[in-house]
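Trainee: If it helps, the file is called final32.cif and holds mmCIF, C-alpha atoms:
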data_query
loop_
_atom_site.label_atom_id
_atom_site.label_comp_id
_atom_site.auth_asym_id
_atom_site.auth_seq_id
_atom_site.Cartn_x
_atom_site.Cartn_y
_atom_site.Cartn_z
CA MET A 1 10.35 7.47 24.54
CA GLU A 2 12.84 4.62 24.49
CA ILE A 3 12.55 1.20 26.11
CA PHE A 4 15.37 -0.62 27.91
CA LYS A 5 15.30 -4.03 29.59
CA TRP A 6 17.32 -5.69 32.33
CA ILE A 7 16.97 -8.96 34.23
CA SER A 8 17.92 -9.32 37.87
CA GLN A 9 18.82 -12.79 39.08
CA SER A 10 18.37 -12.02 42.80
CA ALA A 11 17.19 -9.53 45.40
CA GLU A 12 20.84 -8.67 46.07
CA GLU A 13 21.46 -7.91 42.40
CA THR A 14 18.36 -5.69 42.31
CA ASP A 15 19.56 -3.90 45.44
CA GLN A 16 23.01 -3.27 43.92
CA PHE A 17 21.49 -2.02 40.66
CA ALA A 18 19.13 0.37 42.50
CA MET A 19 22.03 1.69 44.58
CA GLU A 20 24.03 2.35 41.40
CA LEU A 21 21.07 4.05 39.73
CA ALA A 22 20.67 6.32 42.77
CA LYS A 23 24.20 7.68 42.27
CA HIS A 24 23.05 9.15 38.94
CA LEU A 25 19.79 10.70 40.14
CA ILE A 26 19.35 14.44 40.52
CA ALA A 27 16.79 16.73 42.11
CA GLY A 28 13.48 16.59 40.26
CA ASP A 29 13.89 13.04 38.96
CA VAL A 30 10.67 11.00 38.96
CA LEU A 31 10.55 7.20 38.85
CA ALA A 32 7.15 5.62 38.24
CA LEU A 33 7.10 2.00 39.45
CA GLU A 34 4.64 -0.60 38.27
CA GLY A 35 4.34 -4.27 39.09
CA ASP A 36 2.10 -6.78 40.79
CA LEU A 37 2.02 -7.15 44.56
CA GLY A 38 5.28 -8.74 45.61
CA ALA A 39 7.09 -7.84 42.38
CA GLY A 40 9.69 -5.83 44.29
CA LYS A 41 8.68 -2.17 44.01
CA THR A 42 9.42 -1.39 47.64
CA ALA A 43 12.56 -3.55 47.66
CA PHE A 44 13.81 -1.59 44.64
CA THR A 45 13.03 1.67 46.44
CA LYS A 46 15.00 0.48 49.49
CA GLY A 47 18.04 0.04 47.25
CA LEU A 48 17.56 3.52 45.80
CA ALA A 49 17.31 4.92 49.31
CA LYS A 50 20.59 3.24 50.32
CA GLY A 51 22.24 4.65 47.21
CA LEU A 52 21.00 8.12 48.15
CA GLY A 53 22.47 7.75 51.63
CA VAL A 54 19.19 7.32 53.48
CA THR A 55 19.85 5.63 56.83
CA ARG A 56 16.25 5.23 58.04
CA ASN A 57 14.31 2.04 57.38
CA VAL A 58 12.28 2.41 54.18
CA ASN A 59 8.90 0.71 53.94
CA SER A 60 5.80 1.06 51.82
CA PRO A 61 3.77 4.21 52.53
CA THR A 62 0.53 2.39 51.67
CA PHE A 63 -1.58 4.08 54.33
CA THR A 64 0.20 7.44 54.48
CA ILE A 65 0.57 7.86 50.68
CA ILE A 66 3.89 9.77 50.96
CA LYS A 67 6.96 9.20 53.11
CA GLU A 68 9.97 11.49 53.04
CA TYR A 69 13.54 10.41 53.74
CA GLN A 70 16.70 12.50 53.97
CA GLY A 71 19.89 11.49 52.16
CA ARG A 72 22.20 13.06 49.58
CA LEU A 73 18.90 14.21 48.10
CA PRO A 74 15.48 13.96 49.73
CA LEU A 75 13.59 10.83 48.70
CA TYR A 76 9.82 11.17 48.32
CA HIS A 77 8.34 7.67 48.33
CA MET A 78 4.70 7.54 47.24
CA ASP A 79 2.31 4.63 47.17
CA VAL A 80 -0.81 5.84 45.39
CA TYR A 81 -2.63 2.50 45.39
CA ARG A 82 -5.46 4.01 47.43
CA VAL A 83 -5.63 7.30 45.50
CA SER A 84 -8.04 7.67 42.62
CA GLU A 85 -7.40 9.82 39.56
CA GLY A 86 -10.44 11.95 40.33
CA GLU A 87 -9.32 12.92 43.83
CA GLU A 88 -8.57 16.53 44.60
CA ASP A 89 -5.08 17.82 43.99
CA LEU A 90 -2.83 16.31 46.66
CA GLY A 91 0.13 18.53 45.74
CA PHE A 92 2.08 15.84 43.91
CA ASP A 93 3.55 18.41 41.51
CA GLU A 94 5.35 20.09 44.44
CA TYR A 95 7.23 16.84 44.94
CA PHE A 96 7.78 16.21 41.22
CA ASN A 97 9.27 19.68 40.81
CA GLY A 98 10.99 19.71 44.18
CA ASP A 99 14.51 19.33 45.46
CA GLY A 100 14.48 15.54 45.72
CA VAL A 101 13.88 12.28 43.92
CA THR A 102 10.29 11.03 43.73
CA VAL A 103 9.41 7.34 43.50
CA VAL A 104 5.75 6.58 42.79
CA GLU A 105 4.41 3.05 43.26
CA TRP A 106 1.24 2.23 41.25
CA ALA A 107 1.91 5.40 39.22
CA HIS A 108 -0.68 4.55 36.54
CA LEU A 109 -3.39 5.43 39.08
CA ILE A 110 -2.40 9.12 38.93
CA GLU A 111 -1.23 9.15 35.32
CA GLY A 112 -2.83 12.52 34.62
CA GLN A 113 -0.87 14.15 37.44
CA LEU A 114 2.55 12.75 36.49
CA PRO A 115 5.10 14.91 34.68
CA ALA A 116 5.67 14.20 30.98
CA ASP A 117 9.36 13.45 31.57
CA LEU A 118 9.95 10.51 33.89
CA LEU A 119 11.41 7.05 34.09
CA GLN A 120 8.71 4.40 34.14
CA ILE A 121 9.90 1.07 35.55
CA GLN A 122 7.81 -2.08 35.15
CA ILE A 123 8.93 -4.91 37.42
CA LEU A 124 7.86 -8.37 36.32
CA ARG A 125 8.25 -11.37 38.61
CA LEU A 126 9.77 -14.27 36.65
CA ASP A 127 10.22 -16.63 39.60
CA GLU A 128 10.95 -16.49 43.32
CA THR A 129 14.10 -14.36 42.90
CA LYS A 130 14.35 -13.39 39.21
CA ARG A 131 12.81 -10.13 37.95
CA ARG A 132 12.55 -8.49 34.53
CA PHE A 133 12.79 -4.70 34.57
CA VAL A 134 11.38 -2.74 31.65
CA PHE A 135 12.45 0.90 31.64
CA GLU A 136 10.43 3.39 29.59
CA ALA A 137 12.49 6.55 29.38
CA HIS A 138 10.28 9.56 28.75
CA GLY A 139 12.44 12.58 27.97
CA GLU A 140 16.05 13.00 26.93
CA ARG A 141 17.34 13.06 30.53
CA TYR A 142 15.99 9.57 31.18
CA VAL A 143 17.08 8.16 27.82
CA LYS A 144 20.62 9.33 28.59
CA LEU A 145 20.39 7.94 32.14
CA CYS A 146 19.26 4.50 30.91
CA LYS A 147 21.98 4.36 28.29
CA GLU A 148 24.53 5.24 30.95
CA ILE A 149 23.49 2.67 33.54
CA LEU A 150 22.27 -0.15 31.28
CA SER A 151 25.12 -0.22 28.78
#
I'd like the structure from this file rewritten - as structure tokens, please.

Mentor:
Amino acid sequence: MEIFKWISQSAEETDQFAMELAKHLIAGDVLALEGDLGAGKTAFTKGLAKGLGVTRNVNSPTFTIIKEYQGRLPLYHMDVYRVSEGEEDLGFDEYFNGDGVTVVEWAHLIEGQLPADLLQIQILRLDETKRRFVFEAHGERYVKLCKEILS
């Protein structure tokens, strides 16, 4: 695992970064998002969706757990805030090993079901518009990806 950091000065800068990241994503990529309420997890996902060519409005799947969007690659947007680790198998691995990109908000809540290789992204709110992103790249694919987009 390697750690990378980046600071966004604005929502627009975060959006642009997420759109750029999306251009480098491939089928089977998993992004595990963490951050307090209002940190920008869903806003970041909206930027990813735009970068993947998704035209539908993206919003948090808090009550449905998983929303699917079609773009260059399918985007599987999960919000597992209401899922407990002990719950029965909800078929997450089918998404993680599927033909799209999976974004999991509150990923630590299903840590035991996550793949070993993934990109964990911690979003820290510094002020009204400024965010610190901490990327933990688990697996060579994600280390290479971070070096490519953060260098």

Trainee: Looking at A:Met19, A:Leu73, A:Leu33, A:Ile66, which one is nearest to Gly47 of chain A, with distances taken over all atoms listed in the file?

Mentor: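 Nearest to Gly47 of chain A: A:Met19.
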
Trainee: For Lys67 of chain A, work out the shell of residues within 12 Å, counting all atoms listed in the file and skipping chain neighbours fewer than 3 positions away, then give it as a VMD selection string.

Mentor: chain A and resid 45 49 56 to 64 70 74 to 80 95 101 to 105

Trainee: Could you pull the residues within 10 Å of Val143 of chain A, counting only C-alpha atoms, minus those fewer than 3 positions along the same chain, as a PyMOL selection string?

Mentor: chain A and resi 1-4+118-119+135-140+146-148

Trainee: Have a look at atom CA of Gly28 of chain A and atom CA of Glu94 of chain A and let me know their distance in Å, one decimal.

Mentor: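 Interatomic distance, atom CA of Gly28 of chain A to atom CA of Glu94 of chain A: 9.8 Å.
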
Trainee: Could you give me, as a list of chain:residue names, the residues within 10 Å of Asp15 of chain A, counting all atoms listed in the file and dropping anything in the same chain fewer than 5 positions from it?

Mentor: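 In the requested format, the answer is A:Ser8, A:Ser10, A:Glu20, A:Leu21, A:Ala43, A:Phe44, A:Thr45, A:Lys46, A:Gly47, A:Leu48, A:Ala49, A:Lys50, A:Gly51.
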
Trainee: One decimal, in Å: what's the spacing between atom CA of Gly71 of chain A and atom CA of Tyr142 of chain A?

Mentor: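 Going from atom CA of Gly71 of chain A over to atom CA of Tyr142 of chain A covers 21.4 Å.
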
Trainee: Fewer than 5 positions away in the same chain doesn't count, so skip those; otherwise give me all residues within 8 Å of Gln9 of chain A, counting only C-alpha atoms, as a VMD selection string.

Mentor: chain A and resid 14 129 to 131

Trainee: Now that the selection is made, can you save its residues with C-alpha atoms as a PDB file, in the coordinates of the input?

Mentor:
ATOM      1  CA  THR A  14      18.360  -5.690  42.310  1.00  0.00           C
ATOM      2  CA  THR A 129      14.100 -14.360  42.900  1.00  0.00           C
ATOM      3  CA  LYS A 130      14.350 -13.390  39.210  1.00  0.00           C
ATOM      4  CA  ARG A 131      12.810 -10.130  37.950  1.00  0.00           C
TER       5      ARG A 131
END

Trainee: Which is closer to Pro115 of chain A than all the others in A:Leu31, A:His24, A:Lys144, A:Trp6, using only C-alpha atoms?

Mentor: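 Nearest to Pro115 of chain A: A:Leu31.
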
Trainee: Which distance in Å separates atom CA of Gln122 of chain A and atom CA of Glu34 of chain A, to one decimal?

Mentor: 4.7 Å

Trainee: Measuring between only C-alpha atoms, which one of A:Leu124, A:Leu109, A:Leu37, A:Ala27 shows the shortest distance to Phe96 of chain A?

Mentor: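 Under the stated criterion, the closest residue is A:Ala27.
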
Trainee: Under the rule that only C-alpha atoms are counted, which of A:Arg72, A:Leu150, A:Ile123, A:Gly35 is the nearest residue to Phe17 of chain A?

Mentor: A:Leu150
